[in-house]
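One structure is given here, and the rest of the page talks about it.
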Amino acid sequence: MLSAFATLPALPSVLASTQMAAADDLPVRGDPLPSWNDTQTKKAIMAFVDRVTKQGSPEFVPEVERIATFDNDGTLWAEQPMYSQLLFALDRVKALAPKHPEWRTHEPFASLLRGDVRGALAGGEKSIMPIVAATHSGMTSEEFDQIVRDWIGAAKHPVTHRLYTEMVYEPMLELVAFLRASGFKTFIVSGGGIDFMRPWTERVYGIPPENVVGSSGKLKFELRDGKPALLRLPEIDFIDDGPGKPIGINEHIGRRPIAAFGNSDGDLQMLQWTTMGGNPARFGLIVHHTDGEREWAYDRKSSVGKLDKALDAAPANGWTVVDMKNDWKSIFPFGSK
């Protein structure tokens, strides 16, 4: 979330309305992956799950060791045209502006309040950091949790005008449900904020807050009117992206995954940590955004979700690469089949 941003491209497809289902509500009997075309990608997933769950298989893995980790942005839900947590922060700036008249003349806030998002973020991480600090701190953890719940329940995607929680990938919801039904413990391991994701991941993905690993800010314990509280400080504690992901996995989960799912170079080290060395019963998958009609087509040159080094590393490491255009019958729960 602390990386660069992209412009707002058009989404050419016509999207039909439907009710989004959580991962646990999706079918797991019969064909557990009905939104996947019958391609080699789907066959590779099914074959892996069969190998590691079948008693007597030389690659059988006990349930306690069946750990699967999923990146969030661009892997489980859309990350274009801009990371959702950054859009959340921009909305928070507008909401907090009346209490901060000094922002009218101080960058990057002045540009944001004029509607010049591109100009405000032109400085990259140096511009983003004060925005995150101003909008994610100075409150208790419980207060921030409620702010996120209110935002995620009402905010709309700038292109599709759908709730952000409707911008999830139906094939990936099916995959999460299939793995869980096959005895896997599923985790989110994301560069996004851990406290930004935890309020809604269980409802949307069926992944509880204790199974979410993400970037975090520093907290301070204090008593307020005799009651314990955790105060959010304007300081970064941990960045769960790139080489930080294996560290986050080790510290939060304590077991090396046997399956990892990502979509960008920020997931490279997680895929390497999961699949290189050790038990051969391991699986890595990259979601390649190739569908410019139903979603967005981007990879090597994108400022959001750049996929370059990881894409080059996939063949040598035996990682499965999803061709979104050809491997998925549908992308969003509200799209046509």
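Just remember, in the structure tokens the first chain shown is A, the second B, etc., residues are 1-based per chain, and ligands are 1-based in the order shown.
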Shell of 6 Å around Gly214 (chain A), only C-alpha atoms, local chain residues under 4 positions omitted, as a count of residues only: 7
Polymer residues at most 10 Å from Met276 (chain A), only C-alpha atoms, same-chain spacing of 6 or more positions, as a PDB file with N, CA and C atoms, in the first residue's frame:
ATOM      1  N   ARG A 282       4.729 -28.949  -2.441  1.00  0.00           N
ATOM      2  CA  ARG A 282       4.542 -27.508  -2.273  1.00  0.00           C
ATOM      3  C   ARG A 282       3.999 -26.914  -3.564  1.00  0.00           C
ATOM      4  N   PHE A 283       3.290 -25.790  -3.437  1.00  0.00           N
ATOM      5  CA  PHE A 283       2.588 -25.239  -4.600  1.00  0.00           C
ATOM      6  C   PHE A 283       2.640 -23.721  -4.552  1.00  0.00           C
ATOM      7  N   GLY A 284       3.020 -23.118  -5.670  1.00  0.00           N
ATOM      8  CA  GLY A 284       3.016 -21.671  -5.800  1.00  0.00           C
ATOM      9  C   GLY A 284       2.171 -21.252  -6.987  1.00  0.00           C
ATOM     10  N   ASN A 317      10.789 -22.272 -11.141  1.00  0.00           N
ATOM     11  CA  ASN A 317      10.362 -22.752  -9.823  1.00  0.00           C
ATOM     12  C   ASN A 317       9.107 -23.607  -9.870  1.00  0.00           C
ATOM     13  N   GLY A 318       8.569 -23.800 -11.068  1.00  0.00           N
ATOM     14  CA  GLY A 318       7.383 -24.636 -11.201  1.00  0.00           C
ATOM     15  C   GLY A 318       6.117 -24.011 -10.682  1.00  0.00           C
TER      16      GLY A 318
END
Just the residues within 9 Å of Leu230 (chain A), please, counting only C-alpha atoms, with nothing from its chain fewer than 5 positions along; format it as a list in words. Met139, Thr140, Ser141, Glu142, Leu219, Lys220, Phe221, Glu222 and Leu223 of chain A
Residues as selected, C-alpha atoms, written as a CSV table (one decimal), in the first residue's frame, can you do that?
chain,number,residue,atom,x,y,z
A,139,MET,CA,-7.1,7.0,18.1
A,140,THR,CA,-7.6,3.7,19.9
A,141,SER,CA,-7.5,0.4,18.1
A,142,GLU,CA,-11.2,-0.1,18.7
A,219,LEU,CA,0.7,0.8,19.5
A,220,LYS,CA,0.8,2.1,23.0
A,221,PHE,CA,-1.0,0.6,26.0
A,222,GLU,CA,-2.6,3.1,28.3
A,223,LEU,CA,-5.5,3.4,30.8
Leaving out Ile331 (chain A) and any residue of its chain fewer than 4 positions from it, which residues lie within 7 Å of it when counting only C-alpha atoms, given as a VMD selection string? chain A and resid 169 to 171 335
Create the file for the chosen residues now, containing all heavy atoms and written as an mmCIF file, in the first residue's frame.
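Output contents, as saved in result30.cif:
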data_model
loop_
_atom_site.group_PDB
_atom_site.id
_atom_site.type_symbol
_atom_site.label_atom_id
_atom_site.label_comp_id
_atom_site.auth_asym_id
_atom_site.auth_seq_id
_atom_site.Cartn_x
_atom_site.Cartn_y
_atom_site.Cartn_z
ATOM 1 N N TYR A 169 -12.480 -11.638 -6.246
ATOM 2 C CA TYR A 169 -12.422 -12.560 -7.371
ATOM 3 C C TYR A 169 -13.152 -13.855 -7.024
ATOM 4 O O TYR A 169 -12.738 -14.592 -6.120
ATOM 5 C CB TYR A 169 -10.973 -12.856 -7.735
ATOM 6 C CG TYR A 169 -10.181 -11.620 -8.115
ATOM 7 C CD1 TYR A 169 -8.904 -11.400 -7.608
ATOM 8 C CD2 TYR A 169 -10.723 -10.658 -8.961
ATOM 9 C CE1 TYR A 169 -8.189 -10.265 -7.953
ATOM 10 C CE2 TYR A 169 -10.024 -9.522 -9.306
ATOM 11 C CZ TYR A 169 -8.752 -9.330 -8.794
ATOM 12 O OH TYR A 169 -8.044 -8.201 -9.139
ATOM 13 N N GLU A 170 -14.222 -14.117 -7.732
ATOM 14 C CA GLU A 170 -15.017 -15.313 -7.468
ATOM 15 C C GLU A 170 -14.197 -16.596 -7.548
ATOM 16 O O GLU A 170 -14.327 -17.475 -6.687
ATOM 17 C CB GLU A 170 -16.210 -15.372 -8.421
ATOM 18 C CG GLU A 170 -17.169 -16.501 -8.111
ATOM 19 C CD GLU A 170 -18.453 -16.398 -8.907
ATOM 20 O OE1 GLU A 170 -18.416 -15.836 -10.030
ATOM 21 O OE2 GLU A 170 -19.479 -16.880 -8.420
ATOM 22 N N PRO A 171 -13.326 -16.773 -8.553
ATOM 23 C CA PRO A 171 -12.518 -17.996 -8.593
ATOM 24 C C PRO A 171 -11.629 -18.166 -7.363
ATOM 25 O O PRO A 171 -11.411 -19.294 -6.899
ATOM 26 C CB PRO A 171 -11.677 -17.818 -9.866
ATOM 27 C CG PRO A 171 -12.481 -16.902 -10.727
ATOM 28 C CD PRO A 171 -13.107 -15.941 -9.761
ATOM 29 N N GLY A 335 -20.300 -10.465 -12.158
ATOM 30 C CA GLY A 335 -20.084 -10.486 -13.604
ATOM 31 C C GLY A 335 -20.819 -11.633 -14.264
ATOM 32 O O GLY A 335 -21.188 -12.621 -13.633
#
Excluding Ile239 (chain A) and its own-chain neighbours fewer than 5 positions away, which residues fall within 7 Å of it when counting only C-alpha atoms? Please give them as a VMD selection string. chain A and resid 191 215 to 216 244
Can you spit out the residues from that selection as an mmCIF file, in the first residue's frame, using all heavy atoms?
data_model
loop_
_atom_site.group_PDB
_atom_site.id
_atom_site.type_symbol
_atom_site.label_atom_id
_atom_site.label_comp_id
_atom_site.auth_asym_id
_atom_site.auth_seq_id
_atom_site.Cartn_x
_atom_site.Cartn_y
_atom_site.Cartn_z
ATOM 1 N N GLY A 191 0.746 -6.869 2.118
ATOM 2 C CA GLY A 191 1.428 -5.627 2.423
ATOM 3 C C GLY A 191 0.491 -4.581 2.996
ATOM 4 O O GLY A 191 0.934 -3.568 3.544
ATOM 5 N N SER A 215 1.023 -5.396 7.308
ATOM 6 C CA SER A 215 1.845 -4.302 7.829
ATOM 7 C C SER A 215 1.154 -3.691 9.045
ATOM 8 O O SER A 215 -0.074 -3.745 9.174
ATOM 9 C CB SER A 215 2.057 -3.243 6.749
ATOM 10 O OG SER A 215 2.719 -3.800 5.622
ATOM 11 N N SER A 216 1.956 -3.097 9.925
ATOM 12 C CA SER A 216 1.365 -2.585 11.157
ATOM 13 C C SER A 216 2.069 -1.327 11.622
ATOM 14 O O SER A 216 3.241 -1.087 11.313
ATOM 15 C CB SER A 216 1.426 -3.648 12.270
ATOM 16 O OG SER A 216 2.774 -4.025 12.518
ATOM 17 N N GLY A 244 9.660 -8.946 3.658
ATOM 18 C CA GLY A 244 8.988 -8.933 4.949
ATOM 19 C C GLY A 244 7.957 -10.038 5.091
ATOM 20 O O GLY A 244 7.607 -10.428 6.220
#
Between CA of Ala68 (chain A) and CA of Gly217 (chain A), what distance in Å does the model show, to one decimal?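 These atoms are spaced 25.1 Å apart.
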In Å, with one decimal, what is the gap from CA of Leu33 (chain A) to CA of Glu174 (chain A)?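 Result for CA of Leu33 (chain A) versus CA of Glu174 (chain A): 5.7 Å, one decimal.
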Region 107-213 of chain A: which residues are strand (DSSP E or B) by DSSP, as a VMD selection string? chain A and resid 140 156 163 168 185 to 193 212 to 213
Using only C-alpha atoms, which protein or nucleic acid residues come within 12 Å of Ser127 (chain A)? Drop anything in the same chain fewer than 4 positions from it, and give the result as a ChimeraX atom specification. /A:2-5,86,90,106-112,117-123,131-134
Go through region 36-145 of chain A and flag each residue having an atom no more than 7 Å from region 319-329 of chain A; for those, report the closest pair of atoms plus their distance in Å to one decimal, using only C-alpha atoms, ordered by chain and rising number, as a Markdown table.
| residue | atom | partner | partner_atom | distance |
| --- | --- | --- | --- | --- |
| A:Trp36 | CA | A:Trp328 | CA | 4.6 |
| A:Asn37 | CA | A:Asp327 | CA | 5.1 |
| A:Thr39 | CA | A:Asp327 | CA | 6.3 |
| A:Thr41 | CA | A:Val322 | CA | 6.4 |
Step one, run DSSP on the backbone; step two, keep only residues of region 182-292 of chain A assigned to helix (DSSP H, G or I); then write them as an MDAnalysis selection string. chainID A and resid 194:197 201:205 209:211 244:252 265:275
I need the chosen residues saved as a CSV table (one decimal), in the first residue's frame, with N, CA, C and O atoms.
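The file below, part-v5.csv, is the result:
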chain,number,residue,atom,x,y,z
A,194,ILE,N,-2.6,-4.6,8.7
A,194,ILE,CA,-3.3,-5.7,9.3
A,194,ILE,C,-4.6,-5.2,10.0
A,194,ILE,O,-5.6,-6.0,9.9
A,195,ASP,N,-4.6,-4.0,10.6
A,195,ASP,CA,-5.8,-3.6,11.2
A,195,ASP,C,-6.9,-3.0,10.2
A,195,ASP,O,-8.0,-2.8,10.6
A,196,PHE,N,-6.4,-2.7,9.0
A,196,PHE,CA,-7.4,-2.4,8.0
A,196,PHE,C,-8.1,-3.6,7.4
A,196,PHE,O,-9.3,-3.5,7.1
A,197,MET,N,-7.5,-4.7,7.4
A,197,MET,CA,-8.1,-5.9,6.8
A,197,MET,C,-8.9,-6.7,7.8
A,197,MET,O,-10.0,-7.3,7.5
A,201,THR,N,-12.3,-9.3,6.8
A,201,THR,CA,-11.9,-10.5,6.1
A,201,THR,C,-12.7,-11.8,6.4
A,201,THR,O,-12.9,-12.6,5.5
A,202,GLU,N,-13.1,-11.9,7.6
A,202,GLU,CA,-13.9,-13.1,8.0
A,202,GLU,C,-15.2,-13.1,7.2
A,202,GLU,O,-15.7,-14.1,6.7
A,203,ARG,N,-15.9,-12.0,7.2
A,203,ARG,CA,-17.2,-11.9,6.5
A,203,ARG,C,-17.0,-12.1,5.0
A,203,ARG,O,-17.8,-12.8,4.3
A,204,VAL,N,-15.9,-11.6,4.4
A,204,VAL,CA,-15.8,-11.6,2.9
A,204,VAL,C,-15.1,-12.9,2.5
A,204,VAL,O,-15.5,-13.5,1.5
A,205,TYR,N,-14.1,-13.4,3.2
A,205,TYR,CA,-13.3,-14.5,2.7
A,205,TYR,C,-13.5,-15.8,3.6
A,205,TYR,O,-13.0,-16.9,3.3
A,209,PRO,N,-9.7,-12.9,11.8
A,209,PRO,CA,-8.7,-11.9,12.1
A,209,PRO,C,-7.4,-12.4,12.5
A,209,PRO,O,-6.3,-11.9,12.2
A,210,GLU,N,-7.4,-13.5,13.3
A,210,GLU,CA,-6.2,-14.1,13.8
A,210,GLU,C,-5.4,-14.8,12.7
A,210,GLU,O,-4.2,-15.1,12.9
A,211,ASN,N,-6.0,-15.0,11.5
A,211,ASN,CA,-5.3,-15.5,10.4
A,211,ASN,C,-4.9,-14.5,9.3
A,211,ASN,O,-4.7,-14.8,8.2
A,244,GLY,N,9.7,-8.9,3.7
A,244,GLY,CA,9.0,-8.9,4.9
A,244,GLY,C,8.0,-10.0,5.1
A,244,GLY,O,7.6,-10.4,6.2
A,245,LYS,N,7.5,-10.6,4.0
A,245,LYS,CA,6.4,-11.6,4.1
A,245,LYS,C,6.9,-12.9,4.7
A,245,LYS,O,6.1,-13.4,5.6
A,246,PRO,N,8.0,-13.4,4.3
A,246,PRO,CA,8.4,-14.6,5.1
A,246,PRO,C,8.7,-14.4,6.6
A,246,PRO,O,8.4,-15.3,7.4
A,247,ILE,N,9.1,-13.2,6.9
A,247,ILE,CA,9.3,-12.8,8.3
A,247,ILE,C,7.9,-12.8,9.0
A,247,ILE,O,7.8,-13.3,10.1
A,248,GLY,N,7.0,-12.1,8.4
A,248,GLY,CA,5.6,-12.1,9.0
A,248,GLY,C,5.0,-13.5,9.1
A,248,GLY,O,4.4,-13.7,10.1
A,249,ILE,N,5.2,-14.3,8.1
A,249,ILE,CA,4.7,-15.7,8.2
A,249,ILE,C,5.3,-16.4,9.4
A,249,ILE,O,4.7,-17.1,10.2
A,250,ASN,N,6.7,-16.3,9.5
A,250,ASN,CA,7.3,-17.0,10.6
A,250,ASN,C,6.9,-16.5,12.0
A,250,ASN,O,6.7,-17.3,12.9
A,251,GLU,N,6.7,-15.2,12.1
A,251,GLU,CA,6.4,-14.6,13.4
A,251,GLU,C,4.9,-14.8,13.8
A,251,GLU,O,4.6,-15.0,14.9
A,252,HIS,N,4.0,-14.8,12.8
A,252,HIS,CA,2.6,-14.9,13.1
A,252,HIS,C,2.1,-16.3,13.0
A,252,HIS,O,1.2,-16.7,13.7
A,265,ASP,N,5.4,-8.7,-7.7
A,265,ASP,CA,6.8,-8.9,-7.2
A,265,ASP,C,6.8,-8.8,-5.7
A,265,ASP,O,7.8,-9.3,-5.1
A,266,GLY,N,5.8,-8.2,-5.1
A,266,GLY,CA,5.8,-8.1,-3.6
A,266,GLY,C,5.5,-9.5,-3.0
A,266,GLY,O,5.7,-9.6,-1.8
A,267,ASP,N,5.1,-10.4,-3.8
A,267,ASP,CA,4.9,-11.8,-3.3
A,267,ASP,C,6.0,-12.8,-3.6
A,267,ASP,O,6.0,-13.9,-3.3
A,268,LEU,N,7.1,-12.3,-4.3
A,268,LEU,CA,8.2,-13.1,-4.8
A,268,LEU,C,8.8,-13.9,-3.6
A,268,LEU,O,8.9,-15.2,-3.7
A,269,GLN,N,9.2,-13.2,-2.6
A,269,GLN,CA,9.8,-13.9,-1.5
A,269,GLN,C,8.9,-14.9,-0.7
A,269,GLN,O,9.4,-15.9,-0.2
A,270,MET,N,7.6,-14.6,-0.6
A,270,MET,CA,6.7,-15.5,0.0
A,270,MET,C,6.6,-16.8,-0.9
A,270,MET,O,6.6,-17.9,-0.3
A,271,LEU,N,6.6,-16.7,-2.2
A,271,LEU,CA,6.5,-17.8,-3.0
A,271,LEU,C,7.8,-18.6,-2.9
A,271,LEU,O,7.8,-19.9,-2.9
A,272,GLN,N,9.0,-17.9,-2.8
A,272,GLN,CA,10.2,-18.6,-2.7
A,272,GLN,C,10.3,-19.4,-1.4
A,272,GLN,O,10.7,-20.5,-1.3
A,273,TRP,N,9.9,-18.7,-0.3
A,273,TRP,CA,9.9,-19.3,1.1
A,273,TRP,C,9.0,-20.5,1.1
A,273,TRP,O,9.3,-21.5,1.8
A,274,THR,N,7.9,-20.5,0.4
A,274,THR,CA,7.0,-21.6,0.4
A,274,THR,C,7.4,-22.8,-0.4
A,274,THR,O,7.3,-23.9,0.0
A,275,THR,N,8.0,-22.6,-1.5
A,275,THR,CA,8.2,-23.6,-2.5
A,275,THR,C,9.6,-24.1,-2.7
A,275,THR,O,9.8,-25.2,-3.2
For CA of Pro257 (chain A) and CA of Ile286 (chain A), quote the distance in Å rounded to one decimal.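 CA of Pro257 (chain A) sits 15.3 Å away from CA of Ile286 (chain A).
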Check the smallest atom-to-atom distance from each of A:Ala281, A:Val64, A:Gln80, A:Ile45 to Tyr298 (chain A) using only C-alpha atoms, then report the winner. A:Gln80
Looking at A:Ile67, A:Ile258, A:Met46, A:Ala78, which one is nearest to Arg162 (chain A), with distances taken over only C-alpha atoms?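 That would be A:Ala78, the residue with the smallest distance to Arg162 (chain A).
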Nearest-residue call for Val213 (chain A), choices A:Glu102, A:Asp31, A:Glu79, A:Asp71, using only C-alpha atoms: A:Asp71
